[in-house]
$ cat start_9.cif   # mmCIF, C-alpha atoms
data_target
loop_
_atom_site.label_atom_id
_atom_site.label_comp_id
_atom_site.auth_asym_id
_atom_site.auth_seq_id
_atom_site.Cartn_x
_atom_site.Cartn_y
_atom_site.Cartn_z
CA MET A 1 201.65 40.04 130.57
CA SER A 2 199.08 37.47 129.42
CA ASP A 3 200.43 35.01 132.02
CA TYR A 4 198.81 37.15 134.73
CA PHE A 5 195.40 37.17 133.05
CA PRO A 6 193.02 34.21 132.84
CA ALA A 7 192.21 33.52 129.18
CA ASP A 8 188.48 34.25 129.69
CA LEU A 9 189.19 37.65 131.26
CA LEU A 10 191.68 38.53 128.53
CA SER A 11 189.10 37.66 125.86
CA GLU A 12 186.50 39.89 127.54
CA ILE A 13 188.93 42.81 127.39
CA LEU A 14 190.16 42.20 123.85
CA VAL A 15 186.69 41.71 122.33
CA LYS A 16 185.88 45.38 122.98
CA LEU A 17 188.85 46.64 120.93
CA PRO A 18 188.79 47.71 117.26
CA VAL A 19 190.15 45.38 114.57
CA LYS A 20 193.18 47.56 113.83
CA THR A 21 194.33 47.29 117.45
CA LEU A 22 193.69 43.55 117.57
CA ILE A 23 195.79 42.99 114.46
CA ARG A 24 198.71 44.69 116.22
CA PHE A 25 198.11 42.62 119.36
CA THR A 26 198.50 39.34 117.45
CA ALA A 27 202.24 40.08 117.58
CA VAL A 28 202.32 40.32 121.41
CA SER A 29 202.56 36.58 121.99
CA LYS A 30 201.49 33.24 120.60
CA SER A 31 198.75 32.95 123.21
CA TRP A 32 197.28 36.35 122.28
CA ARG A 33 197.42 35.46 118.59
CA SER A 34 195.72 32.13 119.32
CA ILE A 35 192.89 33.90 121.14
CA ILE A 36 192.37 36.67 118.58
CA THR A 37 192.38 34.35 115.56
CA SER A 38 190.12 31.70 117.12
CA ALA A 39 186.69 31.14 115.56
CA ALA A 40 184.93 31.71 118.90
CA PHE A 41 186.65 35.08 119.46
CA ILE A 42 186.02 36.23 115.88
CA ALA A 43 182.30 35.44 116.26
CA SER A 44 182.10 37.16 119.65
CA HIS A 45 183.92 40.26 118.36
CA LEU A 46 181.60 40.48 115.34
CA SER A 47 178.52 40.27 117.56
CA ASN A 48 179.94 42.98 119.82
CA ASN A 49 180.58 45.35 116.90
CA SER A 50 177.52 44.70 114.74
CA LYS A 51 175.66 47.78 116.05
CA ASN A 52 178.33 50.33 115.16
CA GLN A 53 177.08 53.02 112.80
CA THR A 54 179.56 52.53 109.97
CA LEU A 55 178.79 52.46 106.25
CA LEU A 56 180.72 51.09 103.29
CA LEU A 57 180.80 53.42 100.29
CA ALA A 58 181.92 52.20 96.87
CA ARG A 59 182.08 54.37 93.75
CA TYR A 60 184.03 55.26 90.65
CA GLY A 61 185.93 58.54 90.71
CA GLN A 62 184.36 61.41 88.81
CA HIS A 63 187.43 61.89 86.64
CA ASN A 64 189.72 58.83 86.74
CA LYS A 65 186.93 56.19 86.78
CA LEU A 66 188.91 54.03 89.24
CA ASP A 67 187.29 52.05 92.05
CA GLN A 68 187.20 53.96 95.34
CA PHE A 69 186.13 52.55 98.70
CA SER A 70 185.52 54.43 101.94
CA LEU A 71 184.23 53.79 105.45
CA LEU A 72 181.82 56.42 106.72
CA LYS A 73 181.12 57.07 110.40
CA VAL A 74 177.57 58.38 110.58
CA SER A 75 175.39 60.00 113.22
CA GLU A 76 173.80 57.45 115.55
CA ASN A 77 170.66 59.47 116.19
CA GLY A 78 168.37 61.53 114.02
CA GLY A 79 168.73 62.14 110.31
CA PHE A 80 171.51 60.96 108.04
CA GLY A 81 174.79 62.75 108.58
CA ILE A 82 178.46 61.86 108.08
CA ASN A 83 180.80 62.46 111.01
CA SER A 84 183.98 61.25 109.32
CA SER A 85 185.22 59.43 106.22
CA SER A 86 188.33 57.31 105.63
CA GLU A 87 189.57 55.94 102.33
CA ILE A 88 190.32 52.19 102.08
CA GLU A 89 193.39 50.95 100.27
CA ILE A 90 192.57 48.23 97.72
CA PRO A 91 195.16 45.42 98.04
CA PHE A 92 194.41 43.75 94.71
CA GLU A 93 193.85 44.47 91.04
CA PHE A 94 191.23 43.22 88.63
CA GLN A 95 192.00 42.59 84.97
CA ILE A 96 190.19 45.83 84.22
CA GLU A 97 189.53 48.87 86.39
CA TYR A 98 185.79 48.56 86.83
CA SER A 99 184.25 46.25 89.41
CA ARG A 100 180.88 45.98 91.11
CA VAL A 101 179.81 45.06 94.61
CA VAL A 102 177.93 41.76 94.66
CA GLY A 103 177.12 42.14 98.35
CA SER A 104 178.52 42.74 101.83
CA CYS A 105 177.97 40.76 105.02
CA ASP A 106 179.71 40.73 108.43
CA GLY A 107 182.62 42.82 107.24
CA LEU A 108 183.17 40.78 104.07
CA VAL A 109 182.72 42.43 100.67
CA CYS A 110 182.17 40.36 97.53
CA LEU A 111 183.32 42.02 94.30
CA SER A 112 183.12 41.00 90.67
CA ASN A 113 184.01 42.52 87.33
CA ASP A 114 182.23 39.94 85.19
CA ILE A 115 179.79 42.58 83.96
CA PHE A 116 182.58 43.92 81.72
CA PHE A 117 185.19 41.19 81.70
CA ARG A 118 184.49 37.52 81.12
CA ASN A 119 187.24 34.96 80.66
CA PRO A 120 186.57 31.46 82.03
CA SER A 121 190.29 30.91 82.57
CA ILE A 122 190.58 33.92 84.92
CA SER A 123 188.43 34.29 88.05
CA SER A 124 186.58 37.57 88.31
CA ILE A 125 185.19 37.24 91.87
CA ILE A 126 186.91 38.33 95.10
CA ILE A 127 185.87 38.18 98.76
CA TRP A 128 187.60 40.94 100.70
CA ASN A 129 187.73 42.10 104.31
CA PRO A 130 188.93 45.73 104.27
CA SER A 131 189.42 45.76 108.06
CA VAL A 132 192.08 43.04 108.08
CA ARG A 133 193.39 43.96 104.61
CA ASN A 134 193.06 40.43 103.35
CA HIS A 135 191.15 38.86 100.46
CA ILE A 136 190.74 35.65 98.54
CA VAL A 137 190.34 35.22 94.82
CA LEU A 138 187.68 32.63 94.11
CA PRO A 139 188.64 29.69 91.91
CA ASN A 140 187.21 29.58 88.41
CA PRO A 141 183.51 28.69 88.33
CA THR A 142 182.63 25.27 86.95
CA ILE A 143 179.68 26.36 84.79
CA ASN A 144 180.98 28.16 81.70
CA PRO A 145 178.81 27.51 78.64
CA ILE A 146 180.38 28.12 75.26
CA GLU A 147 177.10 29.58 74.06
CA SER A 148 176.02 33.13 74.90
CA HIS A 149 174.78 33.37 78.49
CA ASN A 150 173.98 35.74 81.32
CA VAL A 151 175.41 35.45 84.87
CA VAL A 152 173.71 36.70 88.05
CA LEU A 153 175.50 36.65 91.43
CA GLY A 154 174.49 36.85 95.08
CA PHE A 155 176.41 36.84 98.37
CA GLY A 156 175.50 36.32 102.01
CA GLY A 157 176.14 34.45 105.25
CA VAL A 158 174.22 32.55 107.90
CA ALA A 159 174.18 32.55 111.70
CA SER A 160 176.83 29.82 111.78
CA HIS A 161 179.18 32.21 109.93
CA VAL A 162 179.19 30.22 106.72
CA TYR A 163 179.48 32.57 103.74
CA LYS A 164 178.47 31.72 100.20
CA VAL A 165 178.41 33.11 96.68
CA VAL A 166 175.54 31.85 94.53
CA ARG A 167 175.93 31.99 90.75
CA LEU A 168 173.00 31.70 88.32
CA VAL A 169 173.87 31.05 84.68
CA TYR A 170 171.08 31.70 82.18
CA GLY A 171 171.59 30.39 78.67
CA ARG A 172 170.32 32.43 75.73
CA LYS A 173 167.85 30.84 73.36
CA ILE A 174 169.38 30.07 69.98
CA ASP A 175 166.41 31.41 68.03
CA ASP A 176 166.28 34.70 69.96
CA VAL A 177 169.28 35.99 71.95
CA GLY A 178 166.99 38.45 73.74
CA TYR A 179 165.35 35.54 75.55
CA LEU A 180 166.93 33.64 78.42
CA SER A 181 166.31 29.98 79.13
CA VAL A 182 164.83 28.92 82.46
CA PRO A 183 165.64 27.35 84.77
CA PRO A 184 169.25 28.56 84.99
CA GLN A 185 172.20 26.41 85.97
CA VAL A 186 173.25 27.17 89.54
CA GLU A 187 176.47 26.72 91.48
CA ILE A 188 177.54 27.77 94.99
CA PHE A 189 180.91 28.76 96.39
CA SER A 190 181.39 28.23 100.13
CA LEU A 191 184.07 30.17 101.98
CA LYS A 192 184.31 27.21 104.36
CA THR A 193 185.29 24.68 101.67
CA ARG A 194 186.87 27.23 99.28
CA SER A 195 185.29 25.46 96.30
CA TRP A 196 182.34 25.58 93.89
CA ARG A 197 179.67 22.88 93.74
CA ARG A 198 176.70 22.60 91.46
CA LEU A 199 173.20 22.88 92.93
CA ILE A 200 171.04 20.14 91.46
CA GLY A 201 167.82 19.81 93.43
CA GLY A 202 165.28 22.62 93.57
CA VAL A 203 166.56 24.58 90.59
CA ASP A 204 163.65 23.61 88.35
CA VAL A 205 161.35 25.92 90.36
CA VAL A 206 163.25 28.96 89.08
CA THR A 207 161.05 30.29 86.29
CA LEU A 208 162.10 33.93 86.64
CA TRP A 209 164.79 36.00 84.93
CA ALA A 210 166.85 37.57 87.72
CA LEU A 211 168.46 40.94 86.99
CA LYS A 212 172.14 41.48 87.79
CA SER A 213 172.51 45.18 88.67
CA MET A 214 173.42 45.92 92.30
CA HIS A 215 170.25 48.01 92.65
CA PHE A 216 168.18 44.98 91.64
CA ARG A 217 169.43 42.95 94.62
CA ALA A 218 168.87 43.01 98.41
CA TYR A 219 170.06 40.75 101.23
CA VAL A 220 167.49 40.39 104.04
CA ASN A 221 166.91 37.71 106.69
CA GLY A 222 169.69 35.49 105.36
CA VAL A 223 168.09 35.53 101.92
CA VAL A 224 169.41 37.04 98.67
CA HIS A 225 166.67 38.76 96.66
CA TRP A 226 166.86 39.74 93.00
CA LEU A 227 164.38 41.82 91.07
CA ALA A 228 163.12 39.48 88.35
CA PHE A 229 160.69 39.14 85.48
CA LYS A 230 158.53 36.37 84.18
CA PRO A 231 159.64 35.18 80.71
CA PHE A 232 157.77 36.73 77.82
CA ASP A 233 154.46 35.09 77.05
CA GLU A 234 152.24 36.16 74.16
CA ASN A 235 149.16 35.23 76.18
CA GLU A 236 150.07 37.09 79.37
CA PRO A 237 151.26 40.63 80.09
CA ARG A 238 154.84 40.93 81.32
CA ARG A 239 155.08 41.32 85.10
CA CYS A 240 157.88 41.79 87.60
CA SER A 241 158.56 39.65 90.64
CA ILE A 242 161.31 38.93 93.19
CA LEU A 243 163.45 35.79 93.11
CA ALA A 244 164.76 34.74 96.54
CA PHE A 245 167.51 32.33 97.57
CA ASP A 246 167.92 31.15 101.17
CA ILE A 247 171.69 31.04 101.80
CA ASP A 248 171.44 28.53 104.66
CA ASN A 249 168.92 26.05 103.23
CA GLU A 250 169.90 26.70 99.59
CA VAL A 251 166.29 26.92 98.49
CA PHE A 252 164.76 29.21 95.85
CA SER A 253 161.38 30.87 96.22
CA GLU A 254 159.36 33.73 94.79
CA VAL A 255 158.37 36.83 96.75
CA MET A 256 155.47 38.72 95.25
CA PRO A 257 155.92 42.51 95.01
CA PRO A 258 153.03 44.93 95.55
CA TYR A 259 150.37 44.22 92.93
CA GLU A 260 150.40 47.86 91.89
CA LEU A 261 154.05 47.52 90.83
CA ALA A 262 153.98 43.94 89.56
CA LYS A 263 151.39 44.72 86.90
CA ASP A 264 153.14 47.88 85.62
CA ALA A 265 155.65 46.58 83.07
CA SER A 266 156.78 50.13 82.26
CA ALA A 267 157.74 51.01 85.86
CA ASN A 268 161.40 51.53 86.75
CA LEU A 269 162.00 49.34 89.82
CA GLY A 270 164.69 48.66 92.41
CA ILE A 271 164.81 46.58 95.59
CA PHE A 272 166.52 47.63 98.81
CA VAL A 273 166.78 47.00 102.53
CA ILE A 274 164.58 49.49 104.38
CA GLU A 275 164.62 49.39 108.20
CA ASP A 276 165.93 45.78 108.12
CA SER A 277 163.00 44.77 105.89
CA LEU A 278 162.59 44.14 102.19
CA GLY A 279 161.75 47.29 100.28
CA ILE A 280 160.97 48.18 96.69
CA VAL A 281 160.95 51.47 94.81
CA GLY A 282 158.78 52.00 91.77
CA SER A 283 158.95 55.03 89.52
CA ASN A 284 157.18 56.04 86.35
CA MET A 285 156.58 59.24 84.47
CA VAL A 286 154.27 60.52 87.21
CA SER A 287 155.73 59.70 90.66
CA VAL A 288 158.12 57.61 92.74
CA ASN A 289 156.69 55.32 95.41
CA VAL A 290 158.62 53.65 98.24
CA TRP A 291 157.23 50.38 99.65
CA MET A 292 158.24 48.14 102.55
CA MET A 293 157.23 44.54 103.35
CA LYS A 294 156.47 44.79 107.07
CA GLU A 295 156.00 41.03 107.55
CA TYR A 296 158.44 38.98 105.52
CA CYS A 297 156.92 36.89 102.71
CA VAL A 298 153.40 38.12 103.50
CA GLU A 299 152.23 39.82 100.31
CA GLU A 300 149.44 41.67 102.10
CA SER A 301 151.97 43.38 104.39
CA TRP A 302 153.43 45.53 101.61
CA THR A 303 152.96 49.12 102.77
CA LYS A 304 153.51 52.29 100.77
CA LEU A 305 155.73 54.43 103.01
CA TYR A 306 155.74 57.60 100.97
CA THR A 307 155.68 59.15 97.51
CA ILE A 308 158.48 61.36 96.22
CA ASP A 309 157.50 64.24 94.00
CA LEU A 310 160.47 66.41 93.09
CA LEU A 311 160.83 68.92 90.29
CA GLU A 312 164.32 67.56 89.52
CA GLU A 313 164.79 64.27 87.67
CA ILE A 314 165.71 61.34 89.92
CA THR A 315 168.24 59.17 88.08
CA ASN A 316 168.96 56.47 90.67
CA PHE A 317 168.21 55.22 94.19
CA VAL A 318 171.25 54.20 96.23
CA TRP A 319 170.29 53.35 99.83
CA PHE A 320 167.87 53.98 102.70
CA TRP A 321 168.79 55.28 106.16
CA LYS A 322 167.05 53.87 109.25
CA SER A 323 165.06 57.10 109.67
CA GLY A 324 163.42 56.42 106.29
CA GLU A 325 165.52 58.98 104.44
CA ALA A 326 166.56 57.98 100.93
CA LEU A 327 169.95 58.47 99.31
CA LEU A 328 169.28 59.14 95.64
CA THR A 329 170.91 60.81 92.69
CA ILE A 330 169.45 63.75 90.81
CA ARG A 331 170.48 64.74 87.31
CA ASP A 332 173.13 67.50 87.35
CA LEU A 333 173.17 67.55 91.18
CA GLY A 334 174.57 64.13 92.09
CA LEU A 335 173.82 62.36 95.38
CA VAL A 336 171.35 63.92 97.79
CA VAL A 337 169.53 62.83 100.95
CA TYR A 338 165.74 63.04 100.70
CA ASN A 339 163.75 63.57 103.90
CA PRO A 340 160.20 62.19 103.47
CA GLU A 341 158.84 64.29 106.36
CA THR A 342 160.07 67.67 105.18
CA ARG A 343 160.14 66.64 101.49
CA GLU A 344 163.46 68.41 101.19
CA THR A 345 166.89 67.31 100.00
CA LYS A 346 170.37 68.06 101.30
CA ASN A 347 173.89 67.45 100.02
CA PRO A 348 175.66 64.73 102.10
CA GLY A 349 179.08 65.58 100.63
CA ILE A 350 179.54 62.29 98.74
CA TYR A 351 180.81 62.56 95.19
CA GLY A 352 181.54 60.14 92.36
CA ASP A 353 179.99 58.64 89.25
CA PRO A 354 176.27 58.72 90.20
CA TYR A 355 175.54 55.35 88.57
CA SER A 356 178.36 53.59 90.42
CA LEU A 357 177.44 54.56 93.99
CA PHE A 358 176.95 51.69 96.45
CA VAL A 359 176.23 52.15 100.16
CA ASP A 360 175.61 49.48 102.80
CA ASN A 361 175.93 48.92 106.53
CA TYR A 362 179.40 47.74 107.49
CA ALA A 363 180.57 45.92 110.62
CA GLU A 364 184.29 45.55 111.30
CA SER A 365 185.24 41.90 111.65
CA LEU A 366 188.23 39.59 111.93
CA LEU A 367 186.96 37.22 109.27
CA LEU A 368 189.77 36.25 106.87
CA VAL A 369 192.36 37.44 109.41
CA ARG A 370 195.70 35.79 108.71
CA GLY A 371 196.26 32.85 111.02
CA HIS A 372 192.58 31.89 111.11
CA GLY A 373 191.93 28.68 109.18
#

$ encode --input "start_9.cif" --output "structure tokens"
Amino acid sequence: MSDYFPADLLSEILVKLPVKTLIRFTAVSKSWRSIITSAAFIASHLSNNSKNQTLLLARYGQHNKLDQFSLLKVSENGGFGINSSSEIEIPFEFQIEYSRVVGSCDGLVCLSNDIFFRNPSISSIIIWNPSVRNHIVLPNPTINPIESHNVVLGFGGVASHVYKVVRLVYGRKIDDVGYLSVPPQVEIFSLKTRSWRRLIGGVDVVTLWALKSMHFRAYVNGVVHWLAFKPFDENEPRRCSILAFDIDNEVFSEVMPPYELAKDASANLGIFVIEDSLGIVGSNMVSVNVWMMKEYCVEESWTKLYTIDLLEEITNFVWFWKSGEALLTIRDLGLVVYNPETRETKNPGIYGDPYSLFVDNYAESLLLVRGHG
């Protein structure tokens, strides 16, 4: 059949099809497989599907504590609502059951279980594309101090479709294991080269302790952001900040949070993507405030969007919908959707261990499809 279609016309037709259909079509002929697995087609298909309203949901089960992943089709207009949900089969096993999402980008999901399991002889990081049911296990990192240390990870990609994992290794001070040494050692894994390399230049500017929880990390504008703190100083009060790493240029920088939050060492903080911008949530014993940086890296552009004042105890923030609604967990109630206009909550029908919930935008892609180099 493909003999009767010019290659350009065939590509225009195929690029509109879902990944599942394209995977089947790779068996039609060698020419179809060559088109579908080409780098140009994969990039074009990703661009064509990037606006689909699909979310990735990761969680532990409420009873069996096993990893569960789902794709959620959500309403394209108005408030947050789930139209359908489909479970994803996990084609691999970690050494232990628990894992955490490091990040997701262009249909790729980076997972690690190093928060519970650490063995330098066994890799604990995986890059997975659920749509094509393929994954790669990263080789062992090269930086593995014998001494006690803390590892922080980030994941992202750039416009040229180069995807990287960045790994920060903070040593612990011998005289006080509660203190981390700065700057950390840094290494980068590139999906293009399939190898780790140590980052030498520019690391000395990192004077912040980055935090490793998935709710202390946000990927915006091709930059990984971690909630961070300045090292303890007897002469200065402890303050929070945001450590940033540009995936493309491989440069670290500091993004200042709202002054109101930075100076409050007792505040419970988290960083998120809100309306494609960097956002931060700060809560204390009195209230919960949601902020958004309207102009990237301009400290003065931090804007308080709204304050949440609920009678129930908020235990965790999970994600923000484009309408400004917040997905958060409430003690004894689980996950709810908070509407800042009505100041009301509703049950979205998502269940699981409330502290394990991860939600992010997801775009189907052919990255890592078998046959693509």

$ residues_around --input "start_9.cif" --residues "Asp276 of chain A" --least-positions-apart "4" --cutoff "9 Å" --atoms "all atoms listed in the file" --output "mmCIF file with C-alpha atoms, in the frame of the given file"
data_model
loop_
_atom_site.group_PDB
_atom_site.id
_atom_site.type_symbol
_atom_site.label_atom_id
_atom_site.label_comp_id
_atom_site.auth_asym_id
_atom_site.auth_seq_id
_atom_site.Cartn_x
_atom_site.Cartn_y
_atom_site.Cartn_z
ATOM 1 C CA VAL A 220 167.490 40.390 104.040
ATOM 2 C CA ASN A 221 166.910 37.710 106.690
ATOM 3 C CA LYS A 322 167.050 53.870 109.250
#

$ closest_residue --input "start_9.cif" --among "A:Thr329, A:Asn249, A:Asn339, A:Thr54" --to "Asp353 of chain A" --atoms "all atoms listed in the file"
A:Thr329

$ closest_residue --input "start_9.cif" --among "A:Ile82, A:Val109, A:Met256, A:Leu208" --to "Tyr163 of chain A" --atoms "all atoms listed in the file"
A:Val109

$ resolve_selection --input "start_9.cif" --expression "the PyMOL selection byres ((chain A and resi 125) around 8)" --output "PyMOL selection string"
chain A and resi 110-114+123-124+126-127+137-138

$ write_last_selection --input "start_9.cif" --atoms "C-alpha atoms" --output "PDB file, in the frame of the given file"
ATOM      1  CA  CYS A 110     182.170  40.360  97.530  1.00  0.00           C
ATOM      2  CA  LEU A 111     183.320  42.020  94.300  1.00  0.00           C
ATOM      3  CA  SER A 112     183.120  41.000  90.670  1.00  0.00           C
ATOM      4  CA  ASN A 113     184.010  42.520  87.330  1.00  0.00           C
ATOM      5  CA  ASP A 114     182.230  39.940  85.190  1.00  0.00           C
ATOM      6  CA  SER A 123     188.430  34.290  88.050  1.00  0.00           C
ATOM      7  CA  SER A 124     186.580  37.570  88.310  1.00  0.00           C
ATOM      8  CA  ILE A 126     186.910  38.330  95.100  1.00  0.00           C
ATOM      9  CA  ILE A 127     185.870  38.180  98.760  1.00  0.00           C
ATOM     10  CA  VAL A 137     190.340  35.220  94.820  1.00  0.00           C
ATOM     11  CA  LEU A 138     187.680  32.630  94.110  1.00  0.00           C
TER      12      LEU A 138
END

$ closest_residue --input "start_9.cif" --among "A:Val158, A:Cys297, A:Val336, A:Ile314" --to "Glu250 of chain A" --atoms "only C-alpha atoms"
A:Val158

$ resolve_selection --input "start_9.cif" --expression "the PyMOL selection byres ((chain A and resi 318) around 6)" --output "ChimeraX atom specification"
/A:317,319,327-328

$ write_last_selection --input "start_9.cif" --atoms "C-alpha atoms" --output "mmCIF file, in the frame of the given file"
data_model
loop_
_atom_site.group_PDB
_atom_site.id
_atom_site.type_symbol
_atom_site.label_atom_id
_atom_site.label_comp_id
_atom_site.auth_asym_id
_atom_site.auth_seq_id
_atom_site.Cartn_x
_atom_site.Cartn_y
_atom_site.Cartn_z
ATOM 1 C CA PHE A 317 168.210 55.220 94.190
ATOM 2 C CA TRP A 319 170.290 53.350 99.830
ATOM 3 C CA LEU A 327 169.950 58.470 99.310
ATOM 4 C CA LEU A 328 169.280 59.140 95.640
#

$ closest_residue --input "start_9.cif" --among "A:Leu333, A:Ala326, A:Val166, A:Leu56" --to "Glu313 of chain A" --atoms "only C-alpha atoms"
A:Leu333

$ closest_residue --input "start_9.cif" --among "A:Met214, A:Ile247, A:Asp360, A:Ser301" --to "Asn316 of chain A" --atoms "all atoms listed in the file"
A:Met214

$ residues_around --input "start_9.cif" --residues "Lys304 of chain A" --least-positions-apart "2" --cutoff "9 Å" --atoms "only C-alpha atoms" --output "count of residues only"
8

$ residues_around --input "start_9.cif" --residues "Arg24 of chain A" --least-positions-apart "5" --cutoff "12 Å" --atoms "only C-alpha atoms" --output "PyMOL selection string"
chain A and resi 14+17-19+29+32-33+36+132+369

$ decode --input "start_9.cif" --residues "segment 344-359 of chain A" --atoms "N, CA, C and O atoms" --output "mmCIF file, in the first residue's frame"
data_model
loop_
_atom_site.group_PDB
_atom_site.id
_atom_site.type_symbol
_atom_site.label_atom_id
_atom_site.label_comp_id
_atom_site.auth_asym_id
_atom_site.auth_seq_id
_atom_site.Cartn_x
_atom_site.Cartn_y
_atom_site.Cartn_z
ATOM 1 N N GLU A 344 -14.202 25.639 47.802
ATOM 2 C CA GLU A 344 -14.780 24.343 48.130
ATOM 3 C C GLU A 344 -13.896 23.223 47.597
ATOM 4 O O GLU A 344 -13.073 23.433 46.703
ATOM 5 N N THR A 345 -14.067 22.031 48.138
ATOM 6 C CA THR A 345 -13.317 20.864 47.687
ATOM 7 C C THR A 345 -14.278 19.823 47.119
ATOM 8 O O THR A 345 -15.468 19.810 47.456
ATOM 9 N N LYS A 346 -13.742 18.975 46.248
ATOM 10 C CA LYS A 346 -14.519 17.853 45.724
ATOM 11 C C LYS A 346 -13.616 16.633 45.605
ATOM 12 O O LYS A 346 -12.387 16.753 45.516
ATOM 13 N N ASN A 347 -14.218 15.469 45.606
ATOM 14 C CA ASN A 347 -13.481 14.214 45.511
ATOM 15 C C ASN A 347 -13.272 13.864 44.045
ATOM 16 O O ASN A 347 -14.247 13.640 43.317
ATOM 17 N N PRO A 348 -12.010 13.772 43.555
ATOM 18 C CA PRO A 348 -11.778 13.458 42.144
ATOM 19 C C PRO A 348 -11.826 11.960 41.839
ATOM 20 O O PRO A 348 -11.715 11.551 40.683
ATOM 21 N N GLY A 349 -11.953 11.123 42.877
ATOM 22 C CA GLY A 349 -12.011 9.685 42.660
ATOM 23 C C GLY A 349 -10.649 9.040 42.472
ATOM 24 O O GLY A 349 -10.534 8.000 41.823
ATOM 25 N N ILE A 350 -9.602 9.636 43.043
ATOM 26 C CA ILE A 350 -8.249 9.077 42.973
ATOM 27 C C ILE A 350 -7.855 8.618 44.365
ATOM 28 O O ILE A 350 -7.913 9.402 45.326
ATOM 29 N N TYR A 351 -7.453 7.359 44.473
ATOM 30 C CA TYR A 351 -7.148 6.798 45.785
ATOM 31 C C TYR A 351 -5.744 6.198 45.803
ATOM 32 O O TYR A 351 -5.189 5.839 44.770
ATOM 33 N N GLY A 352 -5.169 6.096 46.978
ATOM 34 C CA GLY A 352 -3.822 5.562 47.148
ATOM 35 C C GLY A 352 -3.185 6.180 48.381
ATOM 36 O O GLY A 352 -3.771 7.046 49.051
ATOM 37 N N ASP A 353 -1.981 5.725 48.692
ATOM 38 C CA ASP A 353 -1.247 6.305 49.813
ATOM 39 C C ASP A 353 -1.103 7.808 49.576
ATOM 40 O O ASP A 353 -0.500 8.227 48.588
ATOM 41 N N PRO A 354 -1.649 8.659 50.440
ATOM 42 C CA PRO A 354 -1.662 10.106 50.181
ATOM 43 C C PRO A 354 -0.281 10.738 50.059
ATOM 44 O O PRO A 354 -0.126 11.759 49.390
ATOM 45 N N TYR A 355 0.737 10.132 50.672
ATOM 46 C CA TYR A 355 2.073 10.713 50.609
ATOM 47 C C TYR A 355 2.854 10.241 49.382
ATOM 48 O O TYR A 355 3.952 10.716 49.126
ATOM 49 N N SER A 356 2.285 9.310 48.629
ATOM 50 C CA SER A 356 2.982 8.787 47.454
ATOM 51 C C SER A 356 2.459 9.365 46.147
ATOM 52 O O SER A 356 3.029 9.124 45.086
ATOM 53 N N LEU A 357 1.388 10.119 46.183
ATOM 54 C CA LEU A 357 0.720 10.587 44.970
ATOM 55 C C LEU A 357 1.599 11.534 44.162
ATOM 56 O O LEU A 357 2.159 12.494 44.679
ATOM 57 N N PHE A 358 1.707 11.251 42.871
ATOM 58 C CA PHE A 358 2.425 12.105 41.926
ATOM 59 C C PHE A 358 1.558 12.274 40.694
ATOM 60 O O PHE A 358 1.053 11.302 40.128
ATOM 61 N N VAL A 359 1.361 13.527 40.260
ATOM 62 C CA VAL A 359 0.576 13.821 39.066
ATOM 63 C C VAL A 359 1.358 14.797 38.202
ATOM 64 O O VAL A 359 1.964 15.747 38.715
#
